[in-house]
Structure formats: structure tokens, C-alpha cells
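Containing PDB, C-alpha atoms, pLDDT in the B column: target.pdb.
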ATOM      1  CA  PRO G   1       9.794  12.055   6.368  1.00 89.00           C
ATOM      2  CA  PRO G   2      11.633   8.726   6.749  1.00 91.00           C
ATOM      3  CA  GLU G   3       9.114   7.599   9.394  1.00 95.00           C
ATOM      4  CA  ALA G   4       6.281   7.986   6.868  1.00 95.00           C
ATOM      5  CA  ARG G   5       8.174   5.923   4.293  1.00 94.00           C
ATOM      6  CA  SER G   6       8.648   3.204   6.924  1.00 95.00           C
ATOM      7  CA  ILE G   7       4.905   3.200   7.593  1.00 96.00           C
ATOM      8  CA  VAL G   8       4.168   2.715   3.898  1.00 96.00           C
ATOM      9  CA  LEU G   9       6.619  -0.173   3.592  1.00 96.00           C
ATOM     10  CA  LYS G  10       5.179  -1.797   6.716  1.00 96.00           C
ATOM     11  CA  HIS G  11       1.679  -1.765   5.231  1.00 96.00           C
ATOM     12  CA  ILE G  12       2.896  -3.072   1.874  1.00 96.00           C
ATOM     13  CA  LEU G  13       4.628  -5.968   3.632  1.00 96.00           C
ATOM     14  CA  HIS G  14       1.495  -6.669   5.682  1.00 95.00           C
ATOM     15  CA  ASP G  15      -0.426  -7.782   2.572  1.00 90.00           C
ATOM     16  CA  HIS G  16       2.417  -9.958   1.267  1.00 95.00           C
ATOM     17  CA  GLY G  17       1.221 -13.546   1.354  1.00 92.00           C
ATOM     18  CA  ASN G  18      -2.398 -12.515   1.942  1.00 91.00           C
ATOM     19  CA  LYS G  19      -3.785 -10.467  -0.928  1.00 95.00           C
ATOM     20  CA  MET G  20      -0.635 -10.481  -3.031  1.00 97.00           C
ATOM     21  CA  ARG G  21       2.819 -11.953  -3.428  1.00 97.00           C
ATOM     22  CA  LEU G  22       5.234  -9.056  -3.270  1.00 98.00           C
ATOM     23  CA  ILE G  23       8.084  -9.133  -5.751  1.00 98.00           C
ATOM     24  CA  CYS G  24       9.559  -5.695  -5.129  1.00 97.00           C
ATOM     25  CA  ALA G  25       8.617  -2.422  -3.442  1.00 97.00           C
ATOM     26  CA  VAL G  26      10.413   0.907  -3.591  1.00 96.00           C
ATOM     27  CA  VAL G  27       9.192   3.739  -1.374  1.00 95.00           C
ATOM     28  CA  MET G  28      10.417   7.052  -2.769  1.00 92.00           C
ATOM     29  CA  PRO G  29      10.050  10.424  -1.010  1.00 87.00           C
ATOM     30  CA  ASP G  30       6.932  11.309  -3.005  1.00 86.00           C
ATOM     31  CA  HIS G  31       5.657   8.062  -4.560  1.00 90.00           C
ATOM     32  CA  VAL G  32       5.796   4.271  -4.370  1.00 94.00           C
ATOM     33  CA  HIS G  33       6.487   1.478  -6.843  1.00 95.00           C
ATOM     34  CA  ILE G  34       5.057  -1.964  -6.083  1.00 96.00           C
ATOM     35  CA  LEU G  35       5.511  -5.055  -8.217  1.00 97.00           C
ATOM     36  CA  TYR G  36       3.290  -7.925  -7.068  1.00 97.00           C
ATOM     37  CA  VAL G  37       1.231 -10.918  -8.140  1.00 98.00           C
ATOM     38  CA  PRO G  38      -2.381 -10.902  -6.893  1.00 97.00           C
ATOM     39  CA  GLN G  39      -3.381 -13.909  -4.773  1.00 97.00           C
ATOM     40  CA  GLN G  40      -6.665 -15.807  -4.723  1.00 95.00           C
ATOM     41  CA  ASP G  41      -9.264 -15.460  -1.963  1.00 92.00           C
ATOM     42  CA  GLU G  42     -11.037 -18.397  -0.286  1.00 91.00           C
ATOM     43  CA  ASP G  43     -13.522 -18.565  -3.208  1.00 95.00           C
ATOM     44  CA  ASP G  44     -10.620 -18.776  -5.689  1.00 94.00           C
ATOM     45  CA  ASN G  45     -11.212 -15.220  -6.957  1.00 95.00           C
ATOM     46  CA  GLN G  46      -8.176 -13.075  -7.644  1.00 97.00           C
ATOM     47  CA  PHE G  47      -7.871  -9.947  -5.496  1.00 96.00           C
ATOM     48  CA  ALA G  48      -8.363  -6.825  -7.612  1.00 95.00           C
ATOM     49  CA  LYS G  49      -5.712  -4.117  -7.965  1.00 92.00           C
ATOM     50  CA  THR G  50      -8.101  -1.591  -6.417  1.00 91.00           C
ATOM     51  CA  GLU G  51      -8.542  -3.821  -3.371  1.00 93.00           C
ATOM     52  CA  ILE G  52      -4.811  -4.405  -2.906  1.00 95.00           C
ATOM     53  CA  VAL G  53      -3.542  -0.910  -3.583  1.00 94.00           C
ATOM     54  CA  GLY G  54      -6.614   0.757  -2.065  1.00 92.00           C
ATOM     55  CA  SER G  55      -6.165  -0.935   1.295  1.00 93.00           C
ATOM     56  CA  ILE G  56      -2.449  -0.081   1.409  1.00 95.00           C
ATOM     57  CA  LYS G  57      -3.182   3.552   0.558  1.00 94.00           C
ATOM     58  CA  SER G  58      -6.046   3.824   3.056  1.00 94.00           C
ATOM     59  CA  VAL G  59      -4.338   2.282   6.073  1.00 96.00           C
ATOM     60  CA  SER G  60      -0.989   3.966   5.462  1.00 96.00           C
ATOM     61  CA  ALA G  61      -2.660   7.368   4.945  1.00 96.00           C
ATOM     62  CA  HIS G  62      -4.373   7.118   8.333  1.00 97.00           C
ATOM     63  CA  ALA G  63      -1.097   6.163  10.023  1.00 97.00           C
ATOM     64  CA  ILE G  64       0.884   8.911   8.263  1.00 97.00           C
ATOM     65  CA  ASN G  65      -1.689  11.559   9.159  1.00 97.00           C
ATOM     66  CA  LYS G  66      -1.577  10.402  12.771  1.00 97.00           C
ATOM     67  CA  LEU G  67       2.230  10.554  12.749  1.00 97.00           C
ATOM     68  CA  LEU G  68       2.261  14.055  11.254  1.00 96.00           C
ATOM     69  CA  ARG G  69      -0.736  15.225  13.316  1.00 97.00           C
ATOM     70  CA  ARG G  70      -2.716  16.316  10.296  1.00 95.00           C
ATOM     71  CA  LYS G  71      -5.782  15.397   8.251  1.00 95.00           C
ATOM     72  CA  GLY G  72      -6.498  15.118   4.570  1.00 92.00           C
ATOM     73  CA  PRO G  73      -5.343  13.159   1.572  1.00 91.00           C
ATOM     74  CA  VAL G  74      -1.883  11.617   1.453  1.00 91.00           C
ATOM     75  CA  TRP G  75      -2.190   9.779  -1.873  1.00 90.00           C
ATOM     76  CA  GLN G  76      -3.443  10.777  -5.292  1.00 85.00           C
ATOM     77  CA  ASP G  77      -6.624   9.038  -6.416  1.00 80.00           C
ATOM     78  CA  GLU G  78      -5.102   7.175  -9.338  1.00 74.00           C
ATOM     79  CA  SER G  79      -2.529   4.444  -9.571  1.00 67.00           C
ATOM     80  CA  PHE G  80      -0.705   3.076 -12.604  1.00 65.00           C
TER      81      PHE G  80
END
Take the structure in the file and write it out as C-alpha cells.
Amino acid sequence: PPEARSIVLKHILHDHGNKMRLICAVVMPDHVHILYVPQQDEDDNQFAKTEIVGSIKSVSAHAINKLLRRKGPVWQDESF
């Protein structure tokens, strides 16, 4: 539903300027496209794709399940 797409976009925007610099995000009804540049942490290490995308998927999945009053996976395991 549109509310779920808004949740996903909110969590993508949350990491902008922290773990990544967001260039573009498109939230489709059944998938998401994110174009970003990873940022550096305090030790000057670049954040990994799994850390950036994984945190967005995890937090948004919890919020979407709460919204829809359900449990279980929201996202597929892989990302491209």
C-alpha cells in the first residue's frame, strides 16, 4: 500500500548523509531502486553495500509489518 512505500522512502532518506549520499530513490509497488555513493565512517572506512541496504531493509520491514499487522519477510534476501 502507499503507506508502506512511504515508510520505505523515509528509511532510505534517514541514511542520506550518514552511511550514504543518496542520488536517487524510486519506490515501486513491489521493489525499490536506490542510487547512492557510500560514505566513510569515523575510521575512514567505506560503509559496505550490505550494511547500507541491509539496515534499510531491516528497519523498513519491521515498520511495514507493524503497519500491516503481520509477521514475516518483506524483502527478498538478495539485492543487485
Query raised in the report: Can you list what the PyMOL selection byres ((chain G and resi 51-65) around 10) grabs from this structure, as a PyMOL selection string?
Result: chain G and resi 1+3-15+18-20+34+36+38-39+47-50+66-79
Query raised in the report: How far is it from CA of Val27 (chain G) to CA of Asn45 (chain G), in Å with one decimal?
Result: 28.4 Å
Query - Arg21 (chain G) environment, 6 Å, all atoms listed in the file, sequence neighbours closer than 2 positions dropped, as a PyMOL selection string - result: chain G and resi 16-17+36-37
Would you mind exporting region 53-66 of chain G with all heavy atoms, as a PDB file, in the first residue's frame?
ATOM      1  N   VAL G  53      22.177  -1.228   2.611  1.00  0.00           N
ATOM      2  CA  VAL G  53      20.909  -1.785   2.145  1.00  0.00           C
ATOM      3  C   VAL G  53      20.282  -2.671   3.225  1.00  0.00           C
ATOM      4  O   VAL G  53      19.064  -2.650   3.429  1.00  0.00           O
ATOM      5  CB  VAL G  53      21.114  -2.561   0.826  1.00  0.00           C
ATOM      6  CG1 VAL G  53      19.827  -3.243   0.389  1.00  0.00           C
ATOM      7  CG2 VAL G  53      21.614  -1.632  -0.267  1.00  0.00           C
ATOM      8  N   GLY G  54      21.121  -3.424   3.937  1.00  0.00           N
ATOM      9  CA  GLY G  54      20.605  -4.304   4.990  1.00  0.00           C
ATOM     10  C   GLY G  54      19.873  -3.553   6.087  1.00  0.00           C
ATOM     11  O   GLY G  54      18.819  -3.994   6.552  1.00  0.00           O
ATOM     12  N   SER G  55      20.404  -2.408   6.497  1.00  0.00           N
ATOM     13  CA  SER G  55      19.732  -1.656   7.556  1.00  0.00           C
ATOM     14  C   SER G  55      18.420  -1.048   7.059  1.00  0.00           C
ATOM     15  O   SER G  55      17.422  -1.040   7.781  1.00  0.00           O
ATOM     16  CB  SER G  55      20.651  -0.581   8.140  1.00  0.00           C
ATOM     17  OG  SER G  55      20.919   0.430   7.200  1.00  0.00           O
ATOM     18  N   ILE G  56      18.403  -0.581   5.822  1.00  0.00           N
ATOM     19  CA  ILE G  56      17.152  -0.047   5.253  1.00  0.00           C
ATOM     20  C   ILE G  56      16.102  -1.141   5.179  1.00  0.00           C
ATOM     21  O   ILE G  56      14.941  -0.944   5.576  1.00  0.00           O
ATOM     22  CB  ILE G  56      17.400   0.576   3.858  1.00  0.00           C
ATOM     23  CG1 ILE G  56      18.269   1.829   3.972  1.00  0.00           C
ATOM     24  CG2 ILE G  56      16.072   0.896   3.167  1.00  0.00           C
ATOM     25  CD1 ILE G  56      18.792   2.340   2.635  1.00  0.00           C
ATOM     26  N   LYS G  57      16.497  -2.312   4.688  1.00  0.00           N
ATOM     27  CA  LYS G  57      15.554  -3.427   4.557  1.00  0.00           C
ATOM     28  C   LYS G  57      15.047  -3.888   5.917  1.00  0.00           C
ATOM     29  O   LYS G  57      13.853  -4.135   6.089  1.00  0.00           O
ATOM     30  CB  LYS G  57      16.213  -4.585   3.807  1.00  0.00           C
ATOM     31  CG  LYS G  57      16.408  -4.293   2.333  1.00  0.00           C
ATOM     32  CD  LYS G  57      17.280  -5.309   1.636  1.00  0.00           C
ATOM     33  CE  LYS G  57      16.626  -6.624   1.409  1.00  0.00           C
ATOM     34  NZ  LYS G  57      17.433  -7.521   0.540  1.00  0.00           N
ATOM     35  N   SER G  58      15.943  -3.978   6.901  1.00  0.00           N
ATOM     36  CA  SER G  58      15.559  -4.467   8.223  1.00  0.00           C
ATOM     37  C   SER G  58      14.574  -3.530   8.927  1.00  0.00           C
ATOM     38  O   SER G  58      13.506  -3.951   9.375  1.00  0.00           O
ATOM     39  CB  SER G  58      16.809  -4.647   9.084  1.00  0.00           C
ATOM     40  OG  SER G  58      16.463  -5.020  10.388  1.00  0.00           O
ATOM     41  N   VAL G  59      14.938  -2.267   9.003  1.00  0.00           N
ATOM     42  CA  VAL G  59      14.104  -1.303   9.730  1.00  0.00           C
ATOM     43  C   VAL G  59      12.765  -1.086   9.022  1.00  0.00           C
ATOM     44  O   VAL G  59      11.717  -1.025   9.660  1.00  0.00           O
ATOM     45  CB  VAL G  59      14.862   0.028   9.930  1.00  0.00           C
ATOM     46  CG1 VAL G  59      14.001   1.056  10.611  1.00  0.00           C
ATOM     47  CG2 VAL G  59      16.132  -0.198  10.720  1.00  0.00           C
ATOM     48  N   SER G  60      12.800  -0.981   7.708  1.00  0.00           N
ATOM     49  CA  SER G  60      11.543  -0.764   6.978  1.00  0.00           C
ATOM     50  C   SER G  60      10.653  -1.994   7.051  1.00  0.00           C
ATOM     51  O   SER G  60       9.423  -1.858   7.144  1.00  0.00           O
ATOM     52  CB  SER G  60      11.813  -0.361   5.523  1.00  0.00           C
ATOM     53  OG  SER G  60      12.454  -1.396   4.809  1.00  0.00           O
ATOM     54  N   ALA G  61      11.230  -3.196   7.039  1.00  0.00           N
ATOM     55  CA  ALA G  61      10.417  -4.415   7.148  1.00  0.00           C
ATOM     56  C   ALA G  61       9.674  -4.465   8.481  1.00  0.00           C
ATOM     57  O   ALA G  61       8.487  -4.810   8.526  1.00  0.00           O
ATOM     58  CB  ALA G  61      11.293  -5.655   6.980  1.00  0.00           C
ATOM     59  N   HIS G  62      10.360  -4.117   9.558  1.00  0.00           N
ATOM     60  CA  HIS G  62       9.697  -4.092  10.870  1.00  0.00           C
ATOM     61  C   HIS G  62       8.539  -3.090  10.874  1.00  0.00           C
ATOM     62  O   HIS G  62       7.450  -3.390  11.370  1.00  0.00           O
ATOM     63  CB  HIS G  62      10.692  -3.746  11.981  1.00  0.00           C
ATOM     64  CG  HIS G  62      11.629  -4.854  12.310  1.00  0.00           C
ATOM     65  ND1 HIS G  62      11.242  -6.038  12.893  1.00  0.00           N
ATOM     66  CD2 HIS G  62      12.962  -4.968  12.109  1.00  0.00           C
ATOM     67  CE1 HIS G  62      12.283  -6.827  13.055  1.00  0.00           C
ATOM     68  NE2 HIS G  62      13.355  -6.195  12.575  1.00  0.00           N
ATOM     69  N   ALA G  63       8.770  -1.916  10.319  1.00  0.00           N
ATOM     70  CA  ALA G  63       7.728  -0.882  10.305  1.00  0.00           C
ATOM     71  C   ALA G  63       6.559  -1.281   9.400  1.00  0.00           C
ATOM     72  O   ALA G  63       5.398  -1.039   9.743  1.00  0.00           O
ATOM     73  CB  ALA G  63       8.318   0.449   9.850  1.00  0.00           C
ATOM     74  N   ILE G  64       6.839  -1.891   8.268  1.00  0.00           N
ATOM     75  CA  ILE G  64       5.778  -2.321   7.355  1.00  0.00           C
ATOM     76  C   ILE G  64       4.960  -3.439   7.987  1.00  0.00           C
ATOM     77  O   ILE G  64       3.720  -3.429   7.917  1.00  0.00           O
ATOM     78  CB  ILE G  64       6.361  -2.759   5.997  1.00  0.00           C
ATOM     79  CG1 ILE G  64       6.889  -1.533   5.244  1.00  0.00           C
ATOM     80  CG2 ILE G  64       5.325  -3.503   5.161  1.00  0.00           C
ATOM     81  CD1 ILE G  64       7.730  -1.860   4.027  1.00  0.00           C
ATOM     82  N   ASN G  65       5.623  -4.400   8.609  1.00  0.00           N
ATOM     83  CA  ASN G  65       4.885  -5.473   9.279  1.00  0.00           C
ATOM     84  C   ASN G  65       4.008  -4.932  10.395  1.00  0.00           C
ATOM     85  O   ASN G  65       2.879  -5.393  10.596  1.00  0.00           O
ATOM     86  CB  ASN G  65       5.844  -6.542   9.810  1.00  0.00           C
ATOM     87  CG  ASN G  65       6.244  -7.522   8.739  1.00  0.00           C
ATOM     88  OD1 ASN G  65       5.526  -7.729   7.761  1.00  0.00           O
ATOM     89  ND2 ASN G  65       7.398  -8.144   8.907  1.00  0.00           N
ATOM     90  N   LYS G  66       4.506  -3.947  11.121  1.00  0.00           N
ATOM     91  CA  LYS G  66       3.697  -3.330  12.178  1.00  0.00           C
ATOM     92  C   LYS G  66       2.482  -2.629  11.571  1.00  0.00           C
ATOM     93  O   LYS G  66       1.358  -2.765  12.068  1.00  0.00           O
ATOM     94  CB  LYS G  66       4.540  -2.337  12.985  1.00  0.00           C
ATOM     95  CG  LYS G  66       3.817  -1.714  14.142  1.00  0.00           C
ATOM     96  CD  LYS G  66       4.738  -0.811  14.938  1.00  0.00           C
ATOM     97  CE  LYS G  66       3.981  -0.168  16.077  1.00  0.00           C
ATOM     98  NZ  LYS G  66       4.841   0.714  16.868  1.00  0.00           N
TER      99      LYS G  66
END
